[in-house]
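With compact mmCIF, N, CA and C atoms inside, this is run_21.txt:
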```txt
# COMPACT_ATOMS: atom_id res chain seq x y z
N MET O 148 -23.33 46.14 4.36
CA MET O 148 -23.32 46.57 5.75
C MET O 148 -23.51 48.09 5.81
N LYS O 149 -24.43 48.55 6.62
CA LYS O 149 -24.76 49.97 6.75
C LYS O 149 -23.69 50.68 7.59
N LYS O 150 -23.30 51.85 7.12
CA LYS O 150 -22.31 52.66 7.82
C LYS O 150 -22.96 53.29 9.06
N ASP O 151 -22.34 53.19 10.20
CA ASP O 151 -22.84 53.77 11.43
C ASP O 151 -22.01 55.01 11.75
N THR O 152 -22.47 56.17 11.24
CA THR O 152 -21.69 57.39 11.42
C THR O 152 -21.68 57.88 12.86
N VAL O 153 -22.73 57.57 13.62
CA VAL O 153 -22.74 57.97 15.03
C VAL O 153 -21.65 57.24 15.80
N LYS O 154 -21.58 55.93 15.61
CA LYS O 154 -20.55 55.14 16.30
C LYS O 154 -19.15 55.57 15.83
N GLN O 155 -19.01 55.82 14.53
CA GLN O 155 -17.73 56.29 13.98
C GLN O 155 -17.32 57.59 14.67
N GLY O 156 -18.27 58.52 14.82
CA GLY O 156 -17.99 59.79 15.48
C GLY O 156 -17.63 59.62 16.93
N GLU O 157 -18.33 58.74 17.62
CA GLU O 157 -18.04 58.48 19.03
C GLU O 157 -16.64 57.90 19.21
N LYS O 158 -16.24 57.03 18.31
CA LYS O 158 -14.88 56.46 18.38
C LYS O 158 -13.85 57.56 18.20
N SER O 159 -14.08 58.44 17.23
CA SER O 159 -13.14 59.54 17.00
C SER O 159 -13.06 60.46 18.21
N GLU O 160 -14.19 60.71 18.87
CA GLU O 160 -14.18 61.52 20.09
C GLU O 160 -13.28 60.88 21.15
N GLN O 161 -13.41 59.58 21.34
CA GLN O 161 -12.60 58.87 22.33
C GLN O 161 -11.11 58.92 21.97
N ILE O 162 -10.82 58.72 20.69
CA ILE O 162 -9.42 58.76 20.24
C ILE O 162 -8.84 60.15 20.47
N PHE O 163 -9.62 61.18 20.12
CA PHE O 163 -9.16 62.55 20.30
C PHE O 163 -8.90 62.85 21.77
N ALA O 164 -9.84 62.49 22.64
CA ALA O 164 -9.67 62.74 24.07
C ALA O 164 -8.44 62.03 24.62
N THR O 165 -8.24 60.80 24.18
CA THR O 165 -7.07 60.04 24.63
C THR O 165 -5.78 60.70 24.16
N GLU O 166 -5.76 61.12 22.90
CA GLU O 166 -4.57 61.80 22.36
C GLU O 166 -4.28 63.07 23.16
N CYS O 167 -5.32 63.86 23.45
CA CYS O 167 -5.15 65.08 24.23
C CYS O 167 -4.56 64.79 25.61
N PHE O 168 -5.12 63.78 26.27
CA PHE O 168 -4.71 63.47 27.64
C PHE O 168 -3.36 62.77 27.70
N VAL O 169 -3.23 61.69 26.95
CA VAL O 169 -2.03 60.85 27.05
C VAL O 169 -0.81 61.50 26.40
N GLU O 170 -0.98 61.99 25.19
CA GLU O 170 0.17 62.50 24.43
C GLU O 170 0.51 63.96 24.76
N HIS O 171 -0.49 64.75 25.16
CA HIS O 171 -0.25 66.18 25.35
C HIS O 171 -0.50 66.68 26.77
N GLY O 172 -0.99 65.82 27.65
CA GLY O 172 -1.16 66.17 29.05
C GLY O 172 -2.30 67.12 29.35
N TYR O 173 -3.25 67.26 28.42
CA TYR O 173 -4.39 68.14 28.64
C TYR O 173 -5.49 67.40 29.41
N THR O 174 -6.21 68.14 30.23
CA THR O 174 -7.39 67.61 30.89
C THR O 174 -8.55 67.72 29.92
N VAL O 175 -9.36 66.68 29.84
CA VAL O 175 -10.50 66.64 28.92
C VAL O 175 -11.77 66.42 29.74
N SER O 176 -12.81 67.18 29.42
CA SER O 176 -14.10 67.04 30.10
C SER O 176 -15.20 66.90 29.07
N TRP O 177 -16.23 66.13 29.43
CA TRP O 177 -17.41 65.95 28.59
C TRP O 177 -18.59 66.65 29.24
N PRO O 178 -19.43 67.31 28.45
CA PRO O 178 -20.63 67.91 29.02
C PRO O 178 -21.61 66.82 29.46
N THR O 179 -22.43 67.13 30.45
CA THR O 179 -23.41 66.16 30.93
C THR O 179 -24.78 66.33 30.26
N SER O 180 -24.88 67.29 29.37
CA SER O 180 -26.13 67.49 28.61
C SER O 180 -25.77 67.80 27.16
N THR O 181 -26.77 67.92 26.34
CA THR O 181 -26.55 68.18 24.91
C THR O 181 -26.03 69.60 24.71
N THR O 182 -24.93 69.72 23.98
CA THR O 182 -24.32 71.01 23.66
C THR O 182 -23.84 70.98 22.22
N ASP O 183 -23.41 72.13 21.73
CA ASP O 183 -22.86 72.19 20.37
C ASP O 183 -21.46 71.60 20.28
N TYR O 184 -20.79 71.50 21.41
CA TYR O 184 -19.43 70.93 21.41
C TYR O 184 -19.47 69.53 22.02
N ASP O 185 -18.47 68.73 21.64
CA ASP O 185 -18.39 67.36 22.14
C ASP O 185 -17.63 67.24 23.44
N LEU O 186 -16.61 68.09 23.61
CA LEU O 186 -15.81 68.03 24.82
C LEU O 186 -15.09 69.35 25.02
N ILE O 187 -14.53 69.51 26.21
CA ILE O 187 -13.74 70.68 26.55
C ILE O 187 -12.32 70.22 26.84
N VAL O 188 -11.37 70.92 26.26
CA VAL O 188 -9.97 70.60 26.48
C VAL O 188 -9.33 71.77 27.22
N ASP O 189 -8.70 71.47 28.35
CA ASP O 189 -7.99 72.48 29.13
C ASP O 189 -6.57 72.54 28.60
N VAL O 190 -6.28 73.57 27.80
CA VAL O 190 -4.96 73.74 27.20
C VAL O 190 -4.22 74.79 28.04
N ASN O 191 -3.44 74.31 28.99
CA ASN O 191 -2.64 75.17 29.85
C ASN O 191 -3.47 76.26 30.51
N GLY O 192 -4.65 75.90 31.02
CA GLY O 192 -5.51 76.84 31.73
C GLY O 192 -6.53 77.54 30.86
N SER O 193 -6.48 77.34 29.58
CA SER O 193 -7.45 77.94 28.66
C SER O 193 -8.41 76.85 28.18
N LEU O 194 -9.71 77.00 28.46
CA LEU O 194 -10.70 75.99 28.11
C LEU O 194 -11.16 76.17 26.68
N LYS O 195 -11.07 75.09 25.89
CA LYS O 195 -11.44 75.10 24.48
C LYS O 195 -12.62 74.17 24.25
N LYS O 196 -13.70 74.70 23.66
CA LYS O 196 -14.87 73.88 23.30
C LYS O 196 -14.58 73.26 21.93
N VAL O 197 -14.61 71.94 21.87
CA VAL O 197 -14.21 71.23 20.65
C VAL O 197 -15.36 70.38 20.12
N GLN O 198 -15.62 70.51 18.85
CA GLN O 198 -16.57 69.66 18.13
C GLN O 198 -15.73 68.71 17.28
N VAL O 199 -15.86 67.41 17.51
CA VAL O 199 -15.07 66.41 16.79
C VAL O 199 -15.87 65.93 15.58
N LYS O 200 -15.22 65.91 14.44
CA LYS O 200 -15.81 65.40 13.21
C LYS O 200 -14.89 64.32 12.66
N SER O 201 -15.45 63.38 11.92
CA SER O 201 -14.62 62.32 11.34
C SER O 201 -15.07 62.04 9.93
N SER O 202 -14.14 61.47 9.16
CA SER O 202 -14.45 61.15 7.77
C SER O 202 -13.61 59.97 7.31
N VAL O 203 -14.23 59.15 6.51
CA VAL O 203 -13.50 58.07 5.84
C VAL O 203 -13.36 58.37 4.36
N LYS O 204 -13.92 59.49 3.91
CA LYS O 204 -13.87 59.87 2.50
C LYS O 204 -12.45 60.22 2.10
N GLY O 205 -12.07 59.82 0.93
CA GLY O 205 -10.74 60.12 0.44
C GLY O 205 -10.64 61.47 -0.24
N ASP O 206 -11.78 62.15 -0.45
CA ASP O 206 -11.76 63.42 -1.18
C ASP O 206 -11.51 64.63 -0.29
N GLY O 207 -11.40 64.44 1.00
CA GLY O 207 -11.11 65.54 1.91
C GLY O 207 -12.32 66.34 2.34
N ASN O 208 -13.52 65.97 1.92
CA ASN O 208 -14.73 66.70 2.32
C ASN O 208 -15.19 66.28 3.70
N VAL O 209 -15.53 67.26 4.54
CA VAL O 209 -16.03 67.00 5.88
C VAL O 209 -17.18 67.97 6.14
N ASN O 210 -18.31 67.46 6.61
CA ASN O 210 -19.42 68.31 7.01
C ASN O 210 -19.15 68.87 8.39
N ILE O 211 -19.30 70.18 8.53
CA ILE O 211 -19.11 70.82 9.84
C ILE O 211 -20.34 71.68 10.14
N CYS O 212 -21.50 71.09 9.98
CA CYS O 212 -22.73 71.85 10.18
C CYS O 212 -23.64 71.12 11.16
N LYS O 213 -24.64 71.85 11.61
CA LYS O 213 -25.66 71.29 12.49
C LYS O 213 -26.90 71.02 11.66
N GLY O 214 -27.87 70.38 12.28
CA GLY O 214 -29.12 70.11 11.59
C GLY O 214 -29.12 68.74 10.95
N THR O 215 -30.12 68.52 10.11
CA THR O 215 -30.29 67.21 9.51
C THR O 215 -30.43 67.35 8.01
N ASN O 216 -30.70 66.25 7.36
CA ASN O 216 -30.89 66.26 5.91
C ASN O 216 -32.29 66.71 5.51
N GLY O 217 -33.05 67.23 6.45
CA GLY O 217 -34.37 67.77 6.15
C GLY O 217 -35.52 66.85 6.47
N HIS O 218 -35.28 65.58 6.79
CA HIS O 218 -36.36 64.64 7.08
C HIS O 218 -37.14 65.02 8.33
N SER O 219 -36.49 65.71 9.27
CA SER O 219 -37.19 66.08 10.50
C SER O 219 -37.70 67.52 10.45
N GLY O 220 -37.55 68.17 9.31
CA GLY O 220 -37.99 69.55 9.18
C GLY O 220 -36.89 70.56 9.49
N LEU O 221 -35.79 70.10 10.07
CA LEU O 221 -34.66 71.00 10.33
C LEU O 221 -33.76 71.07 9.11
N LYS O 222 -33.19 72.23 8.88
CA LYS O 222 -32.24 72.38 7.78
C LYS O 222 -30.84 72.51 8.36
N LYS O 223 -29.87 72.26 7.52
CA LYS O 223 -28.49 72.38 7.97
C LYS O 223 -28.10 73.85 8.09
N TYR O 224 -27.24 74.14 9.07
CA TYR O 224 -26.77 75.50 9.28
C TYR O 224 -25.41 75.44 9.99
N PRO O 225 -24.61 76.50 9.87
CA PRO O 225 -23.29 76.50 10.51
C PRO O 225 -23.41 76.55 12.03
N TYR O 226 -22.38 76.05 12.71
CA TYR O 226 -22.33 76.20 14.16
C TYR O 226 -22.22 77.69 14.48
N PRO O 227 -22.98 78.19 15.45
CA PRO O 227 -22.83 79.58 15.85
C PRO O 227 -21.39 79.84 16.30
N GLU O 228 -20.89 81.03 16.00
CA GLU O 228 -19.49 81.35 16.27
C GLU O 228 -19.06 81.12 17.71
N ASP O 229 -19.89 81.48 18.66
CA ASP O 229 -19.49 81.37 20.06
C ASP O 229 -19.79 80.01 20.68
N SER O 230 -20.31 79.07 19.88
CA SER O 230 -20.68 77.77 20.44
C SER O 230 -19.56 76.74 20.39
N VAL O 231 -18.59 76.95 19.52
CA VAL O 231 -17.48 76.02 19.33
C VAL O 231 -16.21 76.83 19.11
N ASP O 232 -15.12 76.43 19.76
CA ASP O 232 -13.84 77.11 19.55
C ASP O 232 -13.01 76.44 18.44
N PHE O 233 -13.09 75.10 18.37
CA PHE O 233 -12.30 74.35 17.41
C PHE O 233 -13.08 73.17 16.85
N PHE O 234 -12.79 72.84 15.61
CA PHE O 234 -13.23 71.57 15.03
C PHE O 234 -12.01 70.67 15.01
N ALA O 235 -12.14 69.48 15.57
CA ALA O 235 -11.08 68.47 15.48
C ALA O 235 -11.55 67.47 14.43
N VAL O 236 -10.89 67.48 13.29
CA VAL O 236 -11.31 66.64 12.17
C VAL O 236 -10.38 65.44 12.07
N HIS O 237 -10.97 64.25 12.13
CA HIS O 237 -10.22 62.99 12.10
C HIS O 237 -10.41 62.31 10.75
N PHE O 238 -9.34 62.17 9.99
CA PHE O 238 -9.38 61.37 8.77
C PHE O 238 -8.97 59.97 9.16
N ILE O 239 -9.94 59.11 9.23
CA ILE O 239 -9.77 57.79 9.82
C ILE O 239 -8.77 56.93 9.07
N GLY O 240 -8.84 56.90 7.76
CA GLY O 240 -7.96 56.04 6.97
C GLY O 240 -6.49 56.32 7.19
N LYS O 241 -6.13 57.59 7.33
CA LYS O 241 -4.73 57.97 7.53
C LYS O 241 -4.42 58.27 8.99
N ASP O 242 -5.46 58.28 9.83
CA ASP O 242 -5.33 58.66 11.24
C ASP O 242 -4.70 60.03 11.39
N ASP O 243 -5.11 60.96 10.50
CA ASP O 243 -4.65 62.34 10.57
C ASP O 243 -5.65 63.18 11.34
N TRP O 244 -5.14 64.18 12.06
CA TRP O 244 -5.97 65.11 12.80
C TRP O 244 -5.71 66.54 12.33
N TYR O 245 -6.78 67.27 12.11
CA TYR O 245 -6.73 68.68 11.79
C TYR O 245 -7.53 69.39 12.88
N ILE O 246 -6.89 70.29 13.61
CA ILE O 246 -7.54 71.00 14.70
C ILE O 246 -7.67 72.45 14.25
N ILE O 247 -8.88 72.78 13.80
CA ILE O 247 -9.13 74.01 13.06
C ILE O 247 -9.97 74.97 13.92
N PRO O 248 -9.50 76.21 14.10
CA PRO O 248 -10.31 77.18 14.84
C PRO O 248 -11.64 77.44 14.14
N ARG O 249 -12.70 77.57 14.90
CA ARG O 249 -14.02 77.85 14.33
C ARG O 249 -14.00 79.14 13.51
N LYS O 250 -13.24 80.15 13.96
CA LYS O 250 -13.19 81.42 13.23
C LYS O 250 -12.58 81.24 11.83
N ALA O 251 -11.74 80.22 11.64
CA ALA O 251 -11.13 79.99 10.33
C ALA O 251 -12.11 79.39 9.33
N THR O 252 -13.16 78.75 9.83
CA THR O 252 -14.14 78.12 8.94
C THR O 252 -15.25 79.08 8.53
N GLU O 253 -15.30 80.25 9.19
CA GLU O 253 -16.32 81.27 8.93
C GLU O 253 -17.71 80.63 8.98
N SER O 254 -18.53 80.81 7.95
CA SER O 254 -19.89 80.25 7.98
C SER O 254 -20.01 78.98 7.13
N ALA O 255 -18.89 78.34 6.85
CA ALA O 255 -18.89 77.12 6.03
C ALA O 255 -19.67 76.00 6.72
N MET O 256 -20.37 75.21 5.90
CA MET O 256 -21.07 74.04 6.44
C MET O 256 -20.35 72.76 6.07
N ASN O 257 -19.42 72.84 5.16
CA ASN O 257 -18.52 71.73 4.90
C ASN O 257 -17.20 72.32 4.47
N ILE O 258 -16.15 71.57 4.68
CA ILE O 258 -14.81 72.03 4.31
C ILE O 258 -14.10 70.92 3.55
N ARG O 259 -13.11 71.31 2.80
CA ARG O 259 -12.26 70.36 2.10
C ARG O 259 -10.84 70.58 2.59
N ILE O 260 -10.25 69.51 3.06
CA ILE O 260 -8.88 69.59 3.52
C ILE O 260 -7.98 68.99 2.46
N GLY O 261 -7.16 69.84 1.86
CA GLY O 261 -6.26 69.39 0.80
C GLY O 261 -5.05 68.69 1.38
N ALA O 262 -4.59 67.68 0.69
CA ALA O 262 -3.45 66.90 1.17
C ALA O 262 -2.16 67.72 1.20
N ASN O 263 -2.02 68.66 0.27
CA ASN O 263 -0.77 69.40 0.18
C ASN O 263 -0.89 70.86 0.57
N LYS O 264 -1.67 71.64 -0.19
CA LYS O 264 -1.72 73.08 0.06
C LYS O 264 -3.15 73.59 0.12
N GLY O 265 -3.97 72.97 0.92
CA GLY O 265 -5.34 73.43 1.08
C GLY O 265 -5.42 74.53 2.12
N LYS O 266 -6.56 75.18 2.20
CA LYS O 266 -6.80 76.27 3.14
C LYS O 266 -6.55 75.85 4.59
N TYR O 267 -6.82 74.59 4.91
CA TYR O 267 -6.73 74.13 6.30
C TYR O 267 -5.52 73.24 6.57
N THR O 268 -4.64 73.09 5.59
CA THR O 268 -3.48 72.21 5.73
C THR O 268 -2.60 72.61 6.91
N GLY O 269 -2.48 73.89 7.17
CA GLY O 269 -1.65 74.38 8.27
C GLY O 269 -2.14 73.98 9.65
N TYR O 270 -3.36 73.47 9.72
CA TYR O 270 -3.92 73.07 11.01
C TYR O 270 -3.74 71.59 11.30
N LYS O 271 -3.02 70.89 10.44
CA LYS O 271 -2.76 69.48 10.69
C LYS O 271 -1.89 69.37 11.95
N ASP O 272 -2.32 68.47 12.86
CA ASP O 272 -1.61 68.24 14.12
C ASP O 272 -1.43 69.53 14.93
N ASN O 273 -2.44 70.38 14.91
CA ASN O 273 -2.43 71.64 15.64
C ASN O 273 -2.78 71.40 17.11
N TRP O 274 -1.99 70.59 17.78
CA TRP O 274 -2.25 70.20 19.17
C TRP O 274 -2.02 71.32 20.15
N GLU O 275 -1.46 72.44 19.70
CA GLU O 275 -1.30 73.61 20.57
C GLU O 275 -2.59 74.44 20.58
N PHE O 276 -3.56 74.07 19.71
CA PHE O 276 -4.82 74.80 19.59
C PHE O 276 -4.57 76.28 19.29
N ALA O 277 -3.69 76.51 18.33
CA ALA O 277 -3.34 77.89 17.94
C ALA O 277 -4.28 78.42 16.87
```

Can the structure in the file be given as structure tokens, please?
Amino acid sequence: MKKDTVKQGEKSEQIFATECFVEHGYTVSWPTSTTDYDLIVDVNGSLKKVQVKSSVKGDGNVNICKGTNGHSGLKKYPYPEDSVDFFAVHFIGKDDWYIIPRKATESAMNIRIGANKGKYTGYKDNWEFA
């Protein structure tokens, strides 16, 4: 059976939006056209542009880049700094969320989230968007 990463990502977006709204009381909005972010979260009056990523990999690797694998002539590149405020990374198997500021990822195109003491471990369940 072929993995459908688009559907997997869409499910994670819905789960994230629901968690924001139901559990944390944030208003969530979706853009009506193509943008670098998947949704906007109103965190106590401060609007945050969020790009949702998901992974089923057990090694903690997550791609956080734009572009394609080169088949269409586009190459992968980092999200521009001002285009996204946070990456919300969903590890599906454990249902863990890491809400990582874009500035913390610098120009990385993929990140590794360590289970214990990785660079991004402190952003686990960062629902305050700090």

Exercise for the section: Go through O:Ser254, O:Ser193, O:Ser201, O:Thr268 one by one, measure the shortest atom-to-atom distance of each to Thr152 in chain O using only C-alpha atoms, and give the residue with the smallest value. Expected result: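 Closest to Thr152 in chain O, using only C-alpha atoms: O:Ser201.
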
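The environment of range 245-253 of chain O within 5 Å, counting all atoms listed in the file and disregarding residues fewer than 5 places along the same chain, consists of Asp232, Phe233, Phe234, Ala235, Val236, Tyr270, Lys271, Asp272 and Asn273 of chain O.
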
Query raised in the report: So which residues of chain O fall under helix (DSSP H, G or I) by DSSP, listed as a ChimeraX atom specification?
Result: /O:152-171,228-230,249-252,268-270

Which protein, DNA or RNA residues have an atom at most 6.5 Å from (-9.0, 75.0, 21.2), counting all atoms listed in the file? List them as number ranges by chain. O: 194-197, 232-233, 275-277

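Using all atoms listed in the file, the shortest contact distance between Asn210 in chain O and any of O:Trp244, O:Tyr267, O:His171, O:Arg259 is found at O:Arg259.
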
note - atom N of Lys213 in chain O and CA of Tyr226 in chain O are separated by 5.5 Å
